[in-house]
$ cat structure.pdb   # PDB, C-alpha atoms, pLDDT in the B column
ATOM      1  CA  MET A 221      14.114   1.810  21.083  1.00 71.00           C
ATOM      2  CA  GLU A 222      12.896   0.157  24.268  1.00 86.00           C
ATOM      3  CA  LYS A 223      14.901  -2.685  25.818  1.00 90.00           C
ATOM      4  CA  THR A 224      12.158  -5.253  25.107  1.00 92.00           C
ATOM      5  CA  GLN A 225      12.112  -4.148  21.457  1.00 92.00           C
ATOM      6  CA  GLU A 226      15.894  -4.426  21.232  1.00 94.00           C
ATOM      7  CA  ILE A 227      15.720  -7.972  22.583  1.00 95.00           C
ATOM      8  CA  ALA A 228      12.961  -8.899  20.100  1.00 96.00           C
ATOM      9  CA  VAL A 229      14.972  -7.427  17.184  1.00 96.00           C
ATOM     10  CA  THR A 230      18.052  -9.417  18.197  1.00 96.00           C
ATOM     11  CA  GLN A 231      16.023 -12.621  18.568  1.00 97.00           C
ATOM     12  CA  MET A 232      14.354 -12.124  15.196  1.00 97.00           C
ATOM     13  CA  ARG A 233      17.692 -11.575  13.467  1.00 97.00           C
ATOM     14  CA  ARG A 234      18.985 -14.830  14.995  1.00 97.00           C
ATOM     15  CA  SER A 235      15.817 -16.699  13.987  1.00 97.00           C
ATOM     16  CA  ALA A 236      16.126 -15.418  10.405  1.00 97.00           C
ATOM     17  CA  GLU A 237      19.741 -16.621  10.260  1.00 96.00           C
ATOM     18  CA  LYS A 238      18.672 -20.067  11.479  1.00 96.00           C
ATOM     19  CA  LEU A 239      16.233 -20.125   8.556  1.00 96.00           C
ATOM     20  CA  GLY A 240      19.146 -19.434   6.199  1.00 95.00           C
ATOM     21  CA  SER A 241      18.544 -15.732   5.683  1.00 94.00           C
ATOM     22  CA  SER A 242      20.639 -12.654   6.448  1.00 93.00           C
ATOM     23  CA  THR A 243      19.308  -9.448   8.011  1.00 95.00           C
ATOM     24  CA  GLN A 244      22.588  -7.516   8.095  1.00 92.00           C
ATOM     25  CA  ASN A 245      21.554  -5.176   5.243  1.00 91.00           C
ATOM     26  CA  TYR A 246      18.378  -4.131   7.061  1.00 93.00           C
ATOM     27  CA  GLY A 247      18.084  -1.595   9.846  1.00 91.00           C
ATOM     28  CA  ASP A 248      16.113  -2.046  13.054  1.00 93.00           C
ATOM     29  CA  THR A 249      13.182  -0.013  11.656  1.00 90.00           C
ATOM     30  CA  THR A 250      12.655  -2.608   8.924  1.00 92.00           C
ATOM     31  CA  ILE A 251      12.969  -5.494  11.392  1.00 95.00           C
ATOM     32  CA  MET A 252      10.453  -3.804  13.697  1.00 95.00           C
ATOM     33  CA  ARG A 253       7.846  -3.663  10.918  1.00 95.00           C
ATOM     34  CA  PHE A 254       7.899  -7.441  10.670  1.00 96.00           C
ATOM     35  CA  LEU A 255       7.815  -7.841  14.437  1.00 96.00           C
ATOM     36  CA  ILE A 256       4.814  -5.523  14.807  1.00 95.00           C
ATOM     37  CA  ALA A 257       3.034  -7.360  11.999  1.00 95.00           C
ATOM     38  CA  ARG A 258       3.489 -10.606  13.913  1.00 96.00           C
ATOM     39  CA  SER A 259       2.596  -9.317  17.403  1.00 95.00           C
ATOM     40  CA  MET A 260       6.288  -9.066  18.432  1.00 96.00           C
ATOM     41  CA  ASP A 261       6.825 -12.805  18.005  1.00 97.00           C
ATOM     42  CA  PRO A 262      10.473 -13.095  16.789  1.00 97.00           C
ATOM     43  CA  GLU A 263      10.070 -16.551  15.210  1.00 97.00           C
ATOM     44  CA  LYS A 264       6.868 -15.696  13.314  1.00 97.00           C
ATOM     45  CA  ALA A 265       8.363 -12.357  12.256  1.00 98.00           C
ATOM     46  CA  ALA A 266      11.540 -14.101  11.033  1.00 98.00           C
ATOM     47  CA  LYS A 267       9.474 -16.557   8.997  1.00 98.00           C
ATOM     48  CA  MET A 268       7.554 -13.661   7.422  1.00 98.00           C
ATOM     49  CA  PHE A 269      10.816 -11.822   6.711  1.00 97.00           C
ATOM     50  CA  VAL A 270      12.362 -14.863   4.989  1.00 98.00           C
ATOM     51  CA  GLN A 271       9.231 -15.391   2.879  1.00 97.00           C
ATOM     52  CA  TRP A 272       9.340 -11.704   1.923  1.00 97.00           C
ATOM     53  CA  GLN A 273      13.014 -11.945   0.916  1.00 96.00           C
ATOM     54  CA  LYS A 274      12.355 -14.997  -1.247  1.00 97.00           C
ATOM     55  CA  TRP A 275       9.343 -13.312  -2.863  1.00 97.00           C
ATOM     56  CA  ARG A 276      11.277 -10.103  -3.649  1.00 96.00           C
ATOM     57  CA  ALA A 277      14.160 -12.118  -5.131  1.00 96.00           C
ATOM     58  CA  ALA A 278      11.793 -14.050  -7.404  1.00 97.00           C
ATOM     59  CA  PHE A 279       9.214 -11.382  -8.288  1.00 97.00           C
ATOM     60  CA  VAL A 280      11.364  -8.215  -8.235  1.00 96.00           C
ATOM     61  CA  PRO A 281      14.843  -9.564  -9.055  1.00 94.00           C
ATOM     62  CA  ASP A 282      16.208  -6.186 -10.183  1.00 94.00           C
ATOM     63  CA  GLY A 283      14.975  -4.351  -7.094  1.00 92.00           C
ATOM     64  CA  SER A 284      12.164  -2.556  -8.884  1.00 93.00           C
ATOM     65  CA  ILE A 285       9.648  -3.156 -11.650  1.00 96.00           C
ATOM     66  CA  PRO A 286      10.175  -0.747 -14.562  1.00 95.00           C
ATOM     67  CA  GLU A 287       7.343   1.105 -16.262  1.00 96.00           C
ATOM     68  CA  SER A 288       8.062  -0.849 -19.443  1.00 96.00           C
ATOM     69  CA  GLU A 289       6.687  -4.005 -17.770  1.00 97.00           C
ATOM     70  CA  VAL A 290       3.389  -2.398 -16.725  1.00 97.00           C
ATOM     71  CA  GLU A 291       2.652  -0.108 -19.672  1.00 96.00           C
ATOM     72  CA  ASP A 292      -0.908  -1.329 -20.234  1.00 96.00           C
ATOM     73  CA  GLU A 293      -1.871  -0.626 -16.624  1.00 96.00           C
ATOM     74  CA  LEU A 294      -0.170   2.794 -16.590  1.00 96.00           C
ATOM     75  CA  GLU A 295      -1.814   3.776 -19.871  1.00 96.00           C
ATOM     76  CA  ALA A 296      -5.217   3.962 -18.151  1.00 95.00           C
ATOM     77  CA  ARG A 297      -3.856   6.794 -15.941  1.00 96.00           C
ATOM     78  CA  LYS A 298      -5.892   5.508 -13.014  1.00 97.00           C
ATOM     79  CA  ALA A 299      -3.257   5.887 -10.281  1.00 98.00           C
ATOM     80  CA  TYR A 300      -1.900   9.151  -8.909  1.00 97.00           C
ATOM     81  CA  LEU A 301       0.844  10.136  -6.462  1.00 96.00           C
ATOM     82  CA  GLN A 302      -0.076  13.315  -4.619  1.00 95.00           C
ATOM     83  CA  GLY A 303       2.877  14.038  -2.346  1.00 92.00           C
ATOM     84  CA  LEU A 304       3.027  13.899   1.456  1.00 93.00           C
ATOM     85  CA  THR A 305       0.388  14.561   4.095  1.00 93.00           C
ATOM     86  CA  LYS A 306       1.212  16.869   7.013  1.00 86.00           C
ATOM     87  CA  ASP A 307       2.208  13.726   8.945  1.00 88.00           C
ATOM     88  CA  GLY A 308       4.635  12.753   6.195  1.00 89.00           C
ATOM     89  CA  TYR A 309       2.661   9.917   4.587  1.00 93.00           C
ATOM     90  CA  PRO A 310       2.864   9.595   0.791  1.00 94.00           C
ATOM     91  CA  VAL A 311      -0.586   9.545  -0.819  1.00 96.00           C
ATOM     92  CA  VAL A 312      -1.600   7.223  -3.660  1.00 97.00           C
ATOM     93  CA  LEU A 313      -5.013   7.757  -5.243  1.00 98.00           C
ATOM     94  CA  VAL A 314      -6.763   5.249  -7.509  1.00 98.00           C
ATOM     95  CA  LYS A 315      -9.771   6.117  -9.662  1.00 98.00           C
ATOM     96  CA  ALA A 316     -11.702   2.863  -9.961  1.00 97.00           C
ATOM     97  CA  ASN A 317     -13.791   4.067 -12.920  1.00 97.00           C
ATOM     98  CA  LYS A 318     -10.620   4.053 -15.045  1.00 97.00           C
ATOM     99  CA  HIS A 319      -9.858   0.453 -14.173  1.00 97.00           C
ATOM    100  CA  CYS A 320     -11.038  -2.717 -15.882  1.00 95.00           C
ATOM    101  CA  PRO A 321     -10.115  -6.240 -14.721  1.00 95.00           C
ATOM    102  CA  SER A 322      -6.856  -7.168 -16.384  1.00 93.00           C
ATOM    103  CA  LYS A 323      -6.589 -10.083 -18.805  1.00 92.00           C
ATOM    104  CA  ASP A 324      -2.875 -10.181 -17.966  1.00 95.00           C
ATOM    105  CA  GLN A 325      -2.844 -11.099 -14.265  1.00 95.00           C
ATOM    106  CA  LEU A 326       0.957 -11.148 -14.083  1.00 97.00           C
ATOM    107  CA  GLN A 327       1.172  -7.586 -15.400  1.00 97.00           C
ATOM    108  CA  PHE A 328      -1.503  -6.475 -12.930  1.00 97.00           C
ATOM    109  CA  LYS A 329       0.435  -7.986 -10.014  1.00 98.00           C
ATOM    110  CA  LYS A 330       3.590  -6.266 -11.246  1.00 98.00           C
ATOM    111  CA  PHE A 331       1.630  -3.016 -11.476  1.00 98.00           C
ATOM    112  CA  VAL A 332       0.518  -3.343  -7.850  1.00 98.00           C
ATOM    113  CA  VAL A 333       4.139  -3.840  -6.760  1.00 97.00           C
ATOM    114  CA  HIS A 334       5.397  -1.044  -9.029  1.00 97.00           C
ATOM    115  CA  LEU A 335       2.819   1.343  -7.584  1.00 97.00           C
ATOM    116  CA  LEU A 336       3.408   0.365  -3.947  1.00 96.00           C
ATOM    117  CA  ASP A 337       7.198   0.601  -4.314  1.00 94.00           C
ATOM    118  CA  LYS A 338       6.979   3.986  -6.024  1.00 94.00           C
ATOM    119  CA  THR A 339       4.544   5.321  -3.423  1.00 94.00           C
ATOM    120  CA  ILE A 340       6.809   4.227  -0.566  1.00 92.00           C
ATOM    121  CA  ALA A 341       9.895   5.671  -2.277  1.00 90.00           C
ATOM    122  CA  SER A 342       8.087   8.989  -2.740  1.00 87.00           C
ATOM    123  CA  GLY A 343       7.843   9.225   1.046  1.00 80.00           C
ATOM    124  CA  PHE A 344      11.607   9.123   1.579  1.00 68.00           C
ATOM    125  CA  LYS A 345      12.687  12.225   3.480  1.00 59.00           C
ATOM    126  CA  GLY A 346      16.377  11.672   4.138  1.00 48.00           C
ATOM    127  CA  ARG A 347      15.987   9.159   6.960  1.00 48.00           C
ATOM    128  CA  GLU A 348      16.693   5.463   6.917  1.00 49.00           C
ATOM    129  CA  ILE A 349      14.458   3.703   4.449  1.00 56.00           C
ATOM    130  CA  GLY A 350      12.436   1.125   6.310  1.00 58.00           C
ATOM    131  CA  ASN A 351       9.451   2.566   8.133  1.00 66.00           C
ATOM    132  CA  GLU A 352       7.607   4.672   5.550  1.00 80.00           C
ATOM    133  CA  LYS A 353       3.841   4.210   5.645  1.00 92.00           C
ATOM    134  CA  LEU A 354       1.390   5.234   2.938  1.00 95.00           C
ATOM    135  CA  ILE A 355      -2.190   6.448   2.675  1.00 97.00           C
ATOM    136  CA  ALA A 356      -4.330   5.077  -0.147  1.00 98.00           C
ATOM    137  CA  ILE A 357      -7.440   6.774  -1.513  1.00 98.00           C
ATOM    138  CA  PHE A 358      -9.783   4.559  -3.495  1.00 98.00           C
ATOM    139  CA  ASP A 359     -12.349   6.614  -5.428  1.00 98.00           C
ATOM    140  CA  LEU A 360     -15.411   4.658  -6.537  1.00 98.00           C
ATOM    141  CA  GLN A 361     -17.215   7.584  -8.175  1.00 97.00           C
ATOM    142  CA  GLN A 362     -18.974   6.665 -11.452  1.00 96.00           C
ATOM    143  CA  VAL A 363     -17.984   3.040 -11.061  1.00 96.00           C
ATOM    144  CA  THR A 364     -19.996   0.562 -13.117  1.00 95.00           C
ATOM    145  CA  TYR A 365     -20.051  -3.222 -13.068  1.00 94.00           C
ATOM    146  CA  ARG A 366     -17.408  -3.357 -15.818  1.00 96.00           C
ATOM    147  CA  ASN A 367     -14.944  -1.641 -13.449  1.00 96.00           C
ATOM    148  CA  VAL A 368     -15.574  -4.019 -10.561  1.00 96.00           C
ATOM    149  CA  ASP A 369     -12.566  -6.218  -9.886  1.00 96.00           C
ATOM    150  CA  PRO A 370     -12.846  -8.086  -6.555  1.00 96.00           C
ATOM    151  CA  ARG A 371      -9.891 -10.316  -7.401  1.00 96.00           C
ATOM    152  CA  GLY A 372      -7.721  -7.275  -8.170  1.00 96.00           C
ATOM    153  CA  LEU A 373      -8.576  -5.615  -4.862  1.00 97.00           C
ATOM    154  CA  ILE A 374      -7.964  -8.834  -2.943  1.00 97.00           C
ATOM    155  CA  ILE A 375      -4.557  -9.225  -4.645  1.00 97.00           C
ATOM    156  CA  ALA A 376      -3.594  -5.660  -3.712  1.00 97.00           C
ATOM    157  CA  PHE A 377      -4.594  -6.104  -0.064  1.00 97.00           C
ATOM    158  CA  GLN A 378      -2.971  -9.526   0.189  1.00 96.00           C
ATOM    159  CA  PHE A 379       0.304  -8.150  -1.219  1.00 97.00           C
ATOM    160  CA  LEU A 380       0.155  -5.390   1.391  1.00 97.00           C
ATOM    161  CA  GLN A 381      -0.467  -7.901   4.173  1.00 96.00           C
ATOM    162  CA  ALA A 382       2.110 -10.494   3.144  1.00 96.00           C
ATOM    163  CA  TYR A 383       4.910  -8.407   1.627  1.00 97.00           C
ATOM    164  CA  TYR A 384       4.461  -4.838   2.886  1.00 96.00           C
ATOM    165  CA  PRO A 385       3.960  -5.276   6.635  1.00 95.00           C
ATOM    166  CA  GLU A 386       3.140  -2.076   8.536  1.00 95.00           C
ATOM    167  CA  ARG A 387       3.339  -0.021   5.337  1.00 95.00           C
ATOM    168  CA  LEU A 388      -0.346   0.908   5.326  1.00 96.00           C
ATOM    169  CA  ALA A 389      -1.381   3.867   7.464  1.00 96.00           C
ATOM    170  CA  LYS A 390      -4.941   4.144   6.166  1.00 97.00           C
ATOM    171  CA  VAL A 391      -7.232   3.471   3.193  1.00 98.00           C
ATOM    172  CA  TYR A 392      -9.977   5.962   2.413  1.00 98.00           C
ATOM    173  CA  MET A 393     -12.818   4.699   0.227  1.00 98.00           C
ATOM    174  CA  LEU A 394     -14.820   7.489  -1.401  1.00 98.00           C
ATOM    175  CA  HIS A 395     -18.191   7.557  -3.190  1.00 97.00           C
ATOM    176  CA  MET A 396     -19.010   3.890  -2.585  1.00 97.00           C
ATOM    177  CA  PRO A 397     -22.159   3.072  -4.599  1.00 96.00           C
ATOM    178  CA  ARG A 398     -24.876   1.012  -3.001  1.00 95.00           C
ATOM    179  CA  PHE A 399     -24.290  -1.994  -5.259  1.00 95.00           C
ATOM    180  CA  PHE A 400     -20.635  -2.140  -4.160  1.00 96.00           C
ATOM    181  CA  VAL A 401     -21.426  -2.594  -0.461  1.00 96.00           C
ATOM    182  CA  ALA A 402     -22.086  -6.340  -0.846  1.00 96.00           C
ATOM    183  CA  ILE A 403     -18.956  -6.701  -3.001  1.00 96.00           C
ATOM    184  CA  TRP A 404     -16.856  -4.961  -0.357  1.00 97.00           C
ATOM    185  CA  ARG A 405     -18.320  -7.202   2.323  1.00 97.00           C
ATOM    186  CA  MET A 406     -17.123 -10.223   0.336  1.00 96.00           C
ATOM    187  CA  ILE A 407     -13.660  -8.708  -0.242  1.00 97.00           C
ATOM    188  CA  SER A 408     -13.400  -7.904   3.489  1.00 97.00           C
ATOM    189  CA  ARG A 409     -13.407 -11.601   4.331  1.00 96.00           C
ATOM    190  CA  PHE A 410      -9.938 -11.879   2.797  1.00 95.00           C
ATOM    191  CA  LEU A 411      -8.520  -9.056   4.910  1.00 96.00           C
ATOM    192  CA  GLU A 412      -6.809  -9.382   8.269  1.00 95.00           C
ATOM    193  CA  LYS A 413      -8.444  -7.602  11.195  1.00 95.00           C
ATOM    194  CA  ALA A 414      -5.525  -5.154  11.470  1.00 94.00           C
ATOM    195  CA  THR A 415      -5.956  -4.207   7.801  1.00 96.00           C
ATOM    196  CA  LEU A 416      -9.719  -3.781   8.035  1.00 97.00           C
ATOM    197  CA  GLU A 417      -9.281  -1.431  10.976  1.00 97.00           C
ATOM    198  CA  LYS A 418      -7.310   0.911   8.695  1.00 97.00           C
ATOM    199  CA  VAL A 419     -10.097   1.158   6.097  1.00 98.00           C
ATOM    200  CA  VAL A 420     -12.317   4.242   6.338  1.00 97.00           C
ATOM    201  CA  ILE A 421     -15.429   4.379   4.167  1.00 97.00           C
ATOM    202  CA  VAL A 422     -16.195   8.086   3.827  1.00 97.00           C
ATOM    203  CA  SER A 423     -19.984   8.302   3.790  1.00 95.00           C
ATOM    204  CA  ASN A 424     -20.998  11.522   5.572  1.00 95.00           C
ATOM    205  CA  GLU A 425     -19.960  15.162   5.895  1.00 96.00           C
ATOM    206  CA  GLU A 426     -18.099  14.688   9.181  1.00 96.00           C
ATOM    207  CA  GLU A 427     -16.010  11.846   7.728  1.00 96.00           C
ATOM    208  CA  ARG A 428     -15.351  13.940   4.603  1.00 96.00           C
ATOM    209  CA  THR A 429     -14.148  16.868   6.743  1.00 96.00           C
ATOM    210  CA  ASN A 430     -11.821  14.572   8.713  1.00 96.00           C
ATOM    211  CA  PHE A 431     -10.564  13.046   5.460  1.00 97.00           C
ATOM    212  CA  ILE A 432      -9.669  16.470   3.983  1.00 96.00           C
ATOM    213  CA  LYS A 433      -8.025  17.505   7.257  1.00 96.00           C
ATOM    214  CA  GLU A 434      -5.895  14.361   7.492  1.00 95.00           C
ATOM    215  CA  ILE A 435      -4.732  14.426   3.861  1.00 96.00           C
ATOM    216  CA  GLY A 436      -4.291  18.216   3.700  1.00 96.00           C
ATOM    217  CA  GLU A 437      -5.636  20.643   1.115  1.00 95.00           C
ATOM    218  CA  GLU A 438      -2.156  21.187  -0.385  1.00 95.00           C
ATOM    219  CA  VAL A 439      -1.983  17.493  -1.291  1.00 95.00           C
ATOM    220  CA  LEU A 440      -5.618  16.679  -2.024  1.00 96.00           C
ATOM    221  CA  PRO A 441      -6.798  17.303  -5.624  1.00 96.00           C
ATOM    222  CA  GLU A 442      -9.360  20.054  -6.195  1.00 96.00           C
ATOM    223  CA  GLU A 443     -12.185  17.637  -7.005  1.00 95.00           C
ATOM    224  CA  TYR A 444     -11.889  16.187  -3.488  1.00 95.00           C
ATOM    225  CA  GLY A 445     -11.916  19.519  -1.693  1.00 94.00           C
ATOM    226  CA  GLY A 446      -8.219  20.299  -1.893  1.00 95.00           C
ATOM    227  CA  GLN A 447      -6.022  22.666  -3.887  1.00 96.00           C
ATOM    228  CA  ALA A 448      -3.709  20.302  -5.761  1.00 96.00           C
ATOM    229  CA  LYS A 449      -3.719  18.991  -9.311  1.00 96.00           C
ATOM    230  CA  LEU A 450      -3.856  15.281 -10.046  1.00 96.00           C
ATOM    231  CA  VAL A 451      -0.393  13.828 -10.692  1.00 95.00           C
ATOM    232  CA  ALA A 452      -0.405  10.524 -12.603  1.00 96.00           C
ATOM    233  CA  ALA A 453       1.947   7.953 -11.090  1.00 95.00           C
ATOM    234  CA  GLN A 454       4.173   7.924 -14.174  1.00 95.00           C
ATOM    235  CA  ASP A 455       4.493  11.741 -14.050  1.00 93.00           C
ATOM    236  CA  ALA A 456       5.440  11.968 -10.359  1.00 89.00           C
ATOM    237  CA  ILE A 457       8.891  13.428  -9.655  1.00 84.00           C
ATOM    238  CA  MET A 458      10.694  11.225  -7.167  1.00 79.00           C
ATOM    239  CA  PRO A 459      12.971  12.491  -4.382  1.00 72.00           C
ATOM    240  CA  GLN A 460      16.694  11.974  -4.860  1.00 59.00           C
ATOM    241  CA  LEU A 461      18.074   9.267  -2.568  1.00 49.00           C
ATOM    242  CA  ASP A 462      21.517   9.984  -1.147  1.00 44.00           C
ATOM    243  CA  GLY A 463      24.196   7.541  -2.189  1.00 37.00           C
TER     244      GLY A 463
END

$ encode --input "structure.pdb" --output "C-alpha cells"
Amino acid sequence: MEKTQEIAVTQMRRSAEKLGSSTQNYGDTTIMRFLIARSMDPEKAAKMFVQWQKWRAAFVPDGSIPESEVEDELEARKAYLQGLTKDGYPVVLVKANKHCPSKDQLQFKKFVVHLLDKTIASGFKGREIGNEKLIAIFDLQQVTYRNVDPRGLIIAFQFLQAYYPERLAKVYMLHMPRFFVAIWRMISRFLEKATLEKVVIVSNEEERTNFIKEIGEEVLPEEYGGQAKLVAAQDAIMPQLDG
C-alpha cells in the first residue's frame, strides 16, 4: 500500500472512531473500498462506513439473510451463481423474464442482500475478505411488460452504491428489447456516474465476443456461448472459509 493510502486509511479509522464507530475488526482492504468510493476523502468515507455499519446491524442482524426469509424470490429460480471468471470475479446471472415485481418489498430487499452477500462469499479464495468484486449479467431475453420492475432495479443499484462500495466490477445487460431502452434511461438517472460507467449493454457481435472472453467459456452457460450449466443461486456450493 502506498504511503498516501496508508495515511488516508489511518485518517479514516480515526474519523470513524470520532463518529462513535470501531474499525478494528476490518482490514485495510475493506477500509480502502470506502475510501475509493468517496474519492479518498477520509471524512466522507468514514461517514459512509458508519452508515453501512448501522444498516448491516439493523437489516442483517445475524450477519446473513437465510434462504427461509426469501423463499418466494428463490422459488422463481431467476438468479444463478456461475463461479469465477479468469480474473477471479464471481458471476451472478439474473434472468429478467423469470422475475415479476414483488408485492412484498421487504422480502425483495432481503433477496437482493442475500444474493449480493452470497455472490461475494462465492468469490472468497483464501485471502482476506474485504475486496472481492463481482460481475453481474442481466439477461432481458423474452422480457415482457409484466416482468419490468424499474423500482426493483433501482433498489438493487442503490444498495450496491450505498452499502457495497467498490464491489461491482461490471454489469452486462444482454438482449435489451427496444421498449426497454426508455425504461433503462429513466433508471439510469438514479445511478452514480461511477456505476453507470461499469454497465455494458451488449448489442453487437464485437461486444458479445468481448463479453464471452471476459466471463470465460468455462463459467458462461451454454445458451450464452459458454460451456457451463446454469447453477441456481440456492444450488451453488460455497467455498469453505477457514476458521

$ closest_residue --input "structure.pdb" --among "A:Thr230, A:Gln273, A:Thr224, A:Thr243" --to "A:Tyr384" --atoms "only C-alpha atoms"
A:Gln273

$ resolve_selection --input "structure.pdb" --expression "the PyMOL selection byres ((chain A and resi 365) around 10)" --output "tab-separated table (two decimals) with C-alpha atoms, in the coordinates of the input"
chain	number	residue	atom	x	y	z
A	317	ASN	CA	-13.79	4.07	-12.92
A	320	CYS	CA	-11.04	-2.72	-15.88
A	363	VAL	CA	-17.98	3.04	-11.06
A	364	THR	CA	-20.00	0.56	-13.12
A	366	ARG	CA	-17.41	-3.36	-15.82
A	367	ASN	CA	-14.94	-1.64	-13.45
A	368	VAL	CA	-15.57	-4.02	-10.56
A	369	ASP	CA	-12.57	-6.22	-9.89
A	399	PHE	CA	-24.29	-1.99	-5.26
A	400	PHE	CA	-20.64	-2.14	-4.16

$ closest_residue --input "structure.pdb" --among "A:Asp261, A:Ile357, A:Ser235, A:Tyr246" --to "A:Gln302" --atoms "only C-alpha atoms"
A:Ile357

$ closest_residue --input "structure.pdb" --among "A:Lys298, A:Arg253, A:Lys418, A:Arg405" --to "A:Lys315" --atoms "only C-alpha atoms"
A:Lys298

$ closest_residue --input "structure.pdb" --among "A:Gln362, A:Ala278, A:Pro385, A:Lys264" --to "A:Thr250" --atoms "only C-alpha atoms"
A:Pro385

$ axis_aligned_box --input "structure.pdb" --around "stretch 360-368 of chain A" --padding-each-side "5 Å" --output "AutoDock Vina command-line options"
--center_x -17.5 --center_y 1.8 --center_z -11.2 --size_x 15.1 --size_y 21.6 --size_z 19.3

$ residues_around --input "structure.pdb" --residues "A:Ala296" --least-positions-apart "3" --cutoff "12 Å" --atoms "all atoms listed in the file" --output "list of chain:residue names"
A:Val290, A:Glu291, A:Asp292, A:Glu293, A:Ala299, A:Tyr300, A:Val314, A:Lys315, A:Ala316, A:Asn317, A:Lys318, A:His319, A:Cys320, A:Pro321, A:Ser322, A:Phe331, A:Ala452, A:Ala453, A:Gln454

$ resolve_selection --input "structure.pdb" --expression "the PyMOL selection byres ((chain A and resi 438-449) around 8)" --output "ChimeraX atom specification"
/A:302-305,432,435-437,450-451

$ atom_distance --input "structure.pdb" --atom1 "atom CA of A:Glu237" --atom2 "atom CA of A:Glu263"
10.9 Å

$ atom_distance --input "structure.pdb" --atom1 "atom CA of A:Tyr309" --atom2 "atom CA of A:Ile403"
28.3 Å

$ residues_around --input "structure.pdb" --residues "A:Tyr383" --least-positions-apart "5" --cutoff "12 Å" --atoms "only C-alpha atoms" --output "mmCIF file with C-alpha atoms, in the coordinates of the input"
data_model
loop_
_atom_site.group_PDB
_atom_site.id
_atom_site.type_symbol
_atom_site.label_atom_id
_atom_site.label_comp_id
_atom_site.auth_asym_id
_atom_site.auth_seq_id
_atom_site.Cartn_x
_atom_site.Cartn_y
_atom_site.Cartn_z
ATOM 1 C CA ARG A 253 7.846 -3.663 10.918
ATOM 2 C CA PHE A 254 7.899 -7.441 10.670
ATOM 3 C CA ALA A 257 3.034 -7.360 11.999
ATOM 4 C CA ALA A 265 8.363 -12.357 12.256
ATOM 5 C CA LYS A 267 9.474 -16.557 8.997
ATOM 6 C CA MET A 268 7.554 -13.661 7.422
ATOM 7 C CA PHE A 269 10.816 -11.822 6.711
ATOM 8 C CA VAL A 270 12.362 -14.863 4.989
ATOM 9 C CA GLN A 271 9.231 -15.391 2.879
ATOM 10 C CA TRP A 272 9.340 -11.704 1.923
ATOM 11 C CA GLN A 273 13.014 -11.945 0.916
ATOM 12 C CA LYS A 274 12.355 -14.997 -1.247
ATOM 13 C CA TRP A 275 9.343 -13.312 -2.863
ATOM 14 C CA ARG A 276 11.277 -10.103 -3.649
ATOM 15 C CA PHE A 279 9.214 -11.382 -8.288
ATOM 16 C CA VAL A 280 11.364 -8.215 -8.235
ATOM 17 C CA VAL A 332 0.518 -3.343 -7.850
ATOM 18 C CA VAL A 333 4.139 -3.840 -6.760
ATOM 19 C CA LEU A 336 3.408 0.365 -3.947
ATOM 20 C CA ASP A 337 7.198 0.601 -4.314
ATOM 21 C CA ILE A 375 -4.557 -9.225 -4.645
ATOM 22 C CA ALA A 376 -3.594 -5.660 -3.712
ATOM 23 C CA PHE A 377 -4.594 -6.104 -0.064
ATOM 24 C CA GLN A 378 -2.971 -9.526 0.189
ATOM 25 C CA LEU A 388 -0.346 0.908 5.326
#
